[in-house]
Amino acid sequence: MLKKITFLLAAVLFLSISLPAQKLKKADREIVENLQTHVGFLADDKLEGRRPGTEGEKMAMEYIKNAFAKYGLQPKGPDGSWFQEFDIYDGKFPSPSTHFIINDHDLKLYDEYFPLSFSANIGGKAVVALVLQEQDVPWFFDIHQLIEKNSHNPHFDIYSAIRDMAKDASERGATALVFYNSRNGEDPVKYEKNDRSETSPIPVFYIRNNAASKYLKDEAAMLDIKFKTDIRPKHRKGHNVVGYLDNKAEHTIILGAHFDHLGYGEDNNSRDTLKQIHNGADDNASGTAALLELARQLSKSKSKAYNYLFIAFSAEELGLFGSKHYADNPTVDLDKVSYMVNMDMVGRLDNNNGLTIGGFGTSPAWAQIIPQLKTGKDFNIKYDSSGTGPSDHTSFYRKNLPVLFFFTGLHEDYHKTTDDAHKINYTGQAKIVKMILELIEATYSMPKLAFTPTAERQTTTSARFSVGLGLMPDYTFNGTGVRADGVSSGRAAEKAGMKAGDILIKIGNFNTNTLEEYMQALSKFRKGDKTKIVFKRGEETLEAEVEF
């Protein structure tokens with residue numbers, strides 16, 4: 001019975017997707033069917049969410065490579081490969097040699113304790129009293145008092161407080177600082193693998209509530225402590241898939257889409273709490289499917305006006321890692337590239353969202369071409385002039401290339417486990433493919449498009465802010481601070497003397513150890529406010545006034 005019900009549901013689902021396609025012309029129906037096939041494979045459970053560095057990413061890579069080869073493309077990765085490998089910084093983790101022992105009880109890492117990720121890698125032992133803070137021994141601190149004191153302070157950051165206390169404790173002679181919470185309930189401190197703040201001068205530990213209630217309940221007791229921290233960076237590999245259609249033309253068009261997604265949500269970028277497979281049908285199997293269909297169509301084109309470089313990027317969800325790596329390590333001459341087209345989330349076309357085209361201001365040619373496209377009449381188009389944003393076209397805009405970004409909008413399933421293949425509007429997706437084909441054809445007589453710089457757009461963050469520095473962050477930087485990948489002309493950062501490669505470490509009284517801290521800091525200021533910024537240029541630390 002279960003098999004029969006499953007079969008009937010599948011039949012209904014197939015018909016619900018296929019019926020609109022039956023009204024299309026044969027060539028258009030073929031596009032729809034190809035898109036269904038590609039999204040169906042990439043968003044299948046067996047790929048486990050296509051997280052970079054996993055077997056699911058590898059399966060997707062092979063599928064894309066095989067499609068590129070089938071359509072007559074040549075491999076255009078390094079050394080004649082289809083794949084371009086790059087490094088992904090995955091945070092800092094305690095090695096197995098890390099330990100914390102109380103009275104011969106070897107606490108379980110993460111379950112009962114953890115070192116803070118900015119801890120110094122030092123070992124030691126001592127016999128200490130819980131409430132005494134003497135020189136040359138570890139100090140213990142009951143954190144609930146600090147939390148209660150700041151319960152009504154909206155600007156209180158417990159991690160900043162811990163870092164400051166560790167520095168102070170070290171200066172006063174402590175060999176380690178051990179935090180715990182004597183109140184039951186949720187632990188107020190978590191292990192943050194992506195914390196990029198400067199290394200503490202001493203080890204810093206947190207004893208979780210379940211362990212503190214066992215071993216730290218008697219304040220008068222003497223504790224025999226043995227500890228060691230050995231925190232190391234962890235890396236994994238991502239892979240772009242790169243194919244080339246060589247028409248022996250003078251100039252090249254780059255067409256791109258990211259194929260990675262969230263896996264089981266391990267990187268804390270899911271909007272769901274359950275650790276289940278995130279299939280990412282719209283984000284971004286839809287864009288990848290469009291990329292593959294464009295490869296098929298352009299490989300059949302009789303026009304030789306351009307060469308075409310097709311790139312399926314990985315690790316976009318982690319911060320544009322794949323596209324930035326390609327833009328910094330191109331396998332074609334970027335000076336010979338006319339423009340770049342990026343497709344990210346093009347599978348949910350509807351009357352409410354319509355079609356957003358970003359990068360409209362990056363070349364004067366777009367205003368001449370796009371409003372005249374016949375296929376454009378089928379869309380409710382919203383234009384965004386900016387060449388930057390939270391997707392892969394940003395990496396090429398920063399190389400002074402005109403870009404376009406095709407996007408059908410956010411929806412309830414964004415970054416959730418419910419972003420599945422049966423929710424894709426394949427007919428709408430096919431119309432976008434046809435529009436891009438018409439767009440490319442319209443540029444045949446414009447071999448090298450002029451580039452125009454545009455305003456910077458906000459990237460994804462929990463903070464909301466109304467001012468900016470005009471700093472273009474390097475999302476792949478894993479050191480302390482926010483490194484400038486570029487600086488917008490005429491904006492506050494440039495007026496303060498910042499240049500590409502500088503590392504911002506402070507805005508006013510707010511540290512900017514991470515990109516999120518940078519965004520949070522900006523949210524504290526309003527237009528017209530003045531403050532100081534601190535940034536590093538090589539070994540030199542500089543300070544300057546800025547006005548927002």
# chains A, B, ... in the order shown; residues from 1 in each chain; ligands from 1
call {"tool": "select_by_dssp", "arguments": {"residues": "region 33-268 of chain A", "states": "alpha helix (DSSP H)", "output": "ChimeraX atom specification"}}
result
/A:33-42,55-70,144-149,158-171,209-215
call {"tool": "closest_atom_pairs", "arguments": {"of": "region 399-456 of chain A", "to": "region 342-360 of chain A", "cutoff": "8 Å", "atoms": "only C-alpha atoms", "output": "Markdown table"}}
result
| residue | atom | partner | partner_atom | distance |
| --- | --- | --- | --- | --- |
| A:Pro402 | CA | A:Gly359 | CA | 7.3 |
| A:Val403 | CA | A:Gly359 | CA | 5.4 |
| A:Leu404 | CA | A:Gly359 | CA | 4.7 |
| A:Phe405 | CA | A:Gly358 | CA | 4.5 |
| A:Phe406 | CA | A:Ile357 | CA | 4.9 |
| A:Phe407 | CA | A:Val346 | CA | 5.1 |
| A:Thr408 | CA | A:Leu355 | CA | 4.7 |
| A:Gly409 | CA | A:Asn353 | CA | 5.7 |
| A:Lys423 | CA | A:Arg348 | CA | 7.7 |
| A:Ile424 | CA | A:Gly347 | CA | 5.1 |
| A:Asn425 | CA | A:Arg348 | CA | 5.5 |
| A:Tyr426 | CA | A:Gly347 | CA | 6.7 |
| A:Gly428 | CA | A:Leu349 | CA | 5.6 |
| A:Gln429 | CA | A:Gly347 | CA | 5.5 |
| A:Ile432 | CA | A:Val346 | CA | 7.6 |
call {"tool": "residues_around", "arguments": {"residues": "region 282-293 of chain A", "least_positions_apart": "4", "cutoff": "9 Å", "atoms": "only C-alpha atoms", "output": "PyMOL selection string"}}
result
chain A and resi 31+34-43+64+67-68+71+255-261+297-298+310-312+342-348+406-407+413-415+419-421+423-424+426+429-430+432-433
call {"tool": "residues_around", "arguments": {"residues": "Ser270 (chain A)", "least_positions_apart": "5", "cutoff": "8 Å", "atoms": "only C-alpha atoms", "output": "PyMOL selection string"}}
result
chain A and resi 262+265+415-416
call {"tool": "closest_atom_pairs", "arguments": {"of": "region 58-126 of chain A", "to": "region 164-183 of chain A", "cutoff": "9 Å", "atoms": "only C-alpha atoms", "output": "Markdown table"}}
result
| residue | atom | partner | partner_atom | distance |
| --- | --- | --- | --- | --- |
| A:Pro115 | CA | A:Val178 | CA | 8.9 |
| A:Ile122 | CA | A:Ala176 | CA | 8.9 |
| A:Gly124 | CA | A:Thr175 | CA | 7.9 |
call {"tool": "select_by_dssp", "arguments": {"residues": "region 43-118 of chain A", "states": "strand (DSSP E or B)", "output": "list of chain:residue names"}}
result
A:Gln74, A:Pro75, A:Phe83, A:Gln84, A:Glu85, A:Phe86, A:Asp87, A:Ile88, A:Tyr89, A:Asp90, A:Gly91, A:Lys92, A:Phe93, A:Pro94, A:His99, A:Phe100, A:Ile101, A:Ile102, A:His105, A:Asp106, A:Leu109, A:Tyr113, A:Phe114, A:Pro115
call {"tool": "write_last_selection", "arguments": {"atoms": "C-alpha atoms", "output": "PDB file, in the first residue's frame"}}
result
ATOM      1  CA  GLN A  74      36.825  21.940 -22.999  1.00  0.00           C
ATOM      2  CA  PRO A  75      38.217  21.717 -19.455  1.00  0.00           C
ATOM      3  CA  PHE A  83      38.261  21.263 -11.513  1.00  0.00           C
ATOM      4  CA  GLN A  84      39.847  24.195  -9.717  1.00  0.00           C
ATOM      5  CA  GLU A  85      40.600  23.279  -6.116  1.00  0.00           C
ATOM      6  CA  PHE A  86      40.777  25.901  -3.376  1.00  0.00           C
ATOM      7  CA  ASP A  87      41.218  26.021   0.361  1.00  0.00           C
ATOM      8  CA  ILE A  88      38.362  26.738   2.783  1.00  0.00           C
ATOM      9  CA  TYR A  89      39.219  27.862   6.271  1.00  0.00           C
ATOM     10  CA  ASP A  90      36.877  25.889   8.528  1.00  0.00           C
ATOM     11  CA  GLY A  91      37.613  27.505  11.863  1.00  0.00           C
ATOM     12  CA  LYS A  92      39.705  26.528  14.870  1.00  0.00           C
ATOM     13  CA  PHE A  93      39.292  23.291  16.792  1.00  0.00           C
ATOM     14  CA  PRO A  94      40.901  21.667  19.852  1.00  0.00           C
ATOM     15  CA  HIS A  99      42.265  18.120  28.120  1.00  0.00           C
ATOM     16  CA  PHE A 100      40.946  19.397  31.419  1.00  0.00           C
ATOM     17  CA  ILE A 101      41.162  17.167  34.504  1.00  0.00           C
ATOM     18  CA  ILE A 102      39.650  17.935  37.921  1.00  0.00           C
ATOM     19  CA  HIS A 105      38.102  13.293  36.461  1.00  0.00           C
ATOM     20  CA  ASP A 106      38.968  13.725  32.766  1.00  0.00           C
ATOM     21  CA  LEU A 109      35.435  17.841  25.487  1.00  0.00           C
ATOM     22  CA  TYR A 113      33.974  21.659  28.975  1.00  0.00           C
ATOM     23  CA  PHE A 114      35.719  23.393  26.106  1.00  0.00           C
ATOM     24  CA  PRO A 115      38.542  25.886  25.687  1.00  0.00           C
TER      25      PRO A 115
END
call {"tool": "closest_residue", "arguments": {"among": "A:Ile503, A:Ala220, A:Leu373, A:Met446", "to": "Leu132 (chain A)", "atoms": "only C-alpha atoms"}}
result
A:Ala220
call {"tool": "atom_distance", "arguments": {"atom1": "CA of Ser117 (chain A)", "atom2": "CA of Glu317 (chain A)"}}
result
22.8 Å
call {"tool": "atom_distance", "arguments": {"atom1": "CA of Glu516 (chain A)", "atom2": "CA of Lys382 (chain A)"}}
result
28.4 Å
call {"tool": "atom_distance", "arguments": {"atom1": "CA of Lys108 (chain A)", "atom2": "CA of Asp187 (chain A)"}}
result
15.7 Å
call {"tool": "residues_around", "arguments": {"residues": "Ser303 (chain A)", "least_positions_apart": "2", "cutoff": "12 Å", "atoms": "only C-alpha atoms", "output": "NGL selection string"}}
result
:A and (245-249 or 297-301 or 305-308 or 437 or 440-445)
call {"tool": "write_last_selection", "arguments": {"atoms": "N, CA and C atoms", "output": "compact mmCIF listing (two decimals), in the first residue's frame"}}
result
# COMPACT_ATOMS: atom_id res chain seq x y z
N LEU A 245 34.11 27.16 -24.00
CA LEU A 245 33.71 27.02 -25.40
C LEU A 245 34.57 27.99 -26.20
N ASP A 246 35.55 27.47 -26.89
CA ASP A 246 36.55 28.28 -27.59
C ASP A 246 36.12 28.49 -29.04
N ASN A 247 35.66 29.69 -29.33
CA ASN A 247 35.26 30.05 -30.69
C ASN A 247 36.33 30.85 -31.41
N LYS A 248 37.53 30.91 -30.82
CA LYS A 248 38.66 31.66 -31.39
C LYS A 248 38.33 33.15 -31.52
N ALA A 249 37.44 33.62 -30.65
CA ALA A 249 37.06 35.03 -30.67
C ALA A 249 38.05 35.84 -29.83
N GLN A 297 22.87 25.24 -25.19
CA GLN A 297 22.36 26.10 -26.24
C GLN A 297 23.49 26.83 -26.97
N LEU A 298 24.44 27.38 -26.23
CA LEU A 298 25.52 28.16 -26.86
C LEU A 298 26.49 27.27 -27.62
N SER A 299 26.60 26.02 -27.21
CA SER A 299 27.48 25.10 -27.96
C SER A 299 26.92 24.81 -29.35
N LYS A 300 25.61 25.03 -29.54
CA LYS A 300 24.98 24.81 -30.85
C LYS A 300 24.91 26.08 -31.69
N SER A 301 25.25 27.22 -31.08
CA SER A 301 25.11 28.50 -31.77
C SER A 301 26.07 28.60 -32.95
N ALA A 305 30.98 35.12 -32.19
CA ALA A 305 31.35 36.47 -31.75
C ALA A 305 32.13 36.45 -30.44
N TYR A 306 31.85 35.46 -29.59
CA TYR A 306 32.49 35.37 -28.28
C TYR A 306 32.96 33.94 -28.01
N ASN A 307 33.93 33.84 -27.12
CA ASN A 307 34.19 32.59 -26.41
C ASN A 307 33.33 32.62 -25.15
N TYR A 308 33.08 31.43 -24.59
CA TYR A 308 32.25 31.36 -23.38
C TYR A 308 32.96 30.53 -22.31
N LEU A 437 19.97 34.22 -23.25
CA LEU A 437 20.43 33.94 -24.61
C LEU A 437 20.19 35.14 -25.54
N ILE A 440 22.75 37.87 -24.68
CA ILE A 440 24.07 37.59 -25.25
C ILE A 440 24.08 37.92 -26.74
N GLU A 441 23.04 37.51 -27.43
CA GLU A 441 22.95 37.78 -28.87
C GLU A 441 22.96 39.28 -29.14
N ALA A 442 22.33 40.05 -28.25
CA ALA A 442 22.27 41.50 -28.44
C ALA A 442 23.62 42.17 -28.25
N THR A 443 24.57 41.48 -27.63
CA THR A 443 25.91 42.07 -27.42
C THR A 443 26.92 41.61 -28.46
N TYR A 444 26.49 40.84 -29.45
CA TYR A 444 27.43 40.34 -30.46
C TYR A 444 28.22 41.46 -31.13
N SER A 445 27.57 42.60 -31.30
CA SER A 445 28.25 43.71 -31.97
C SER A 445 29.00 44.62 -30.99
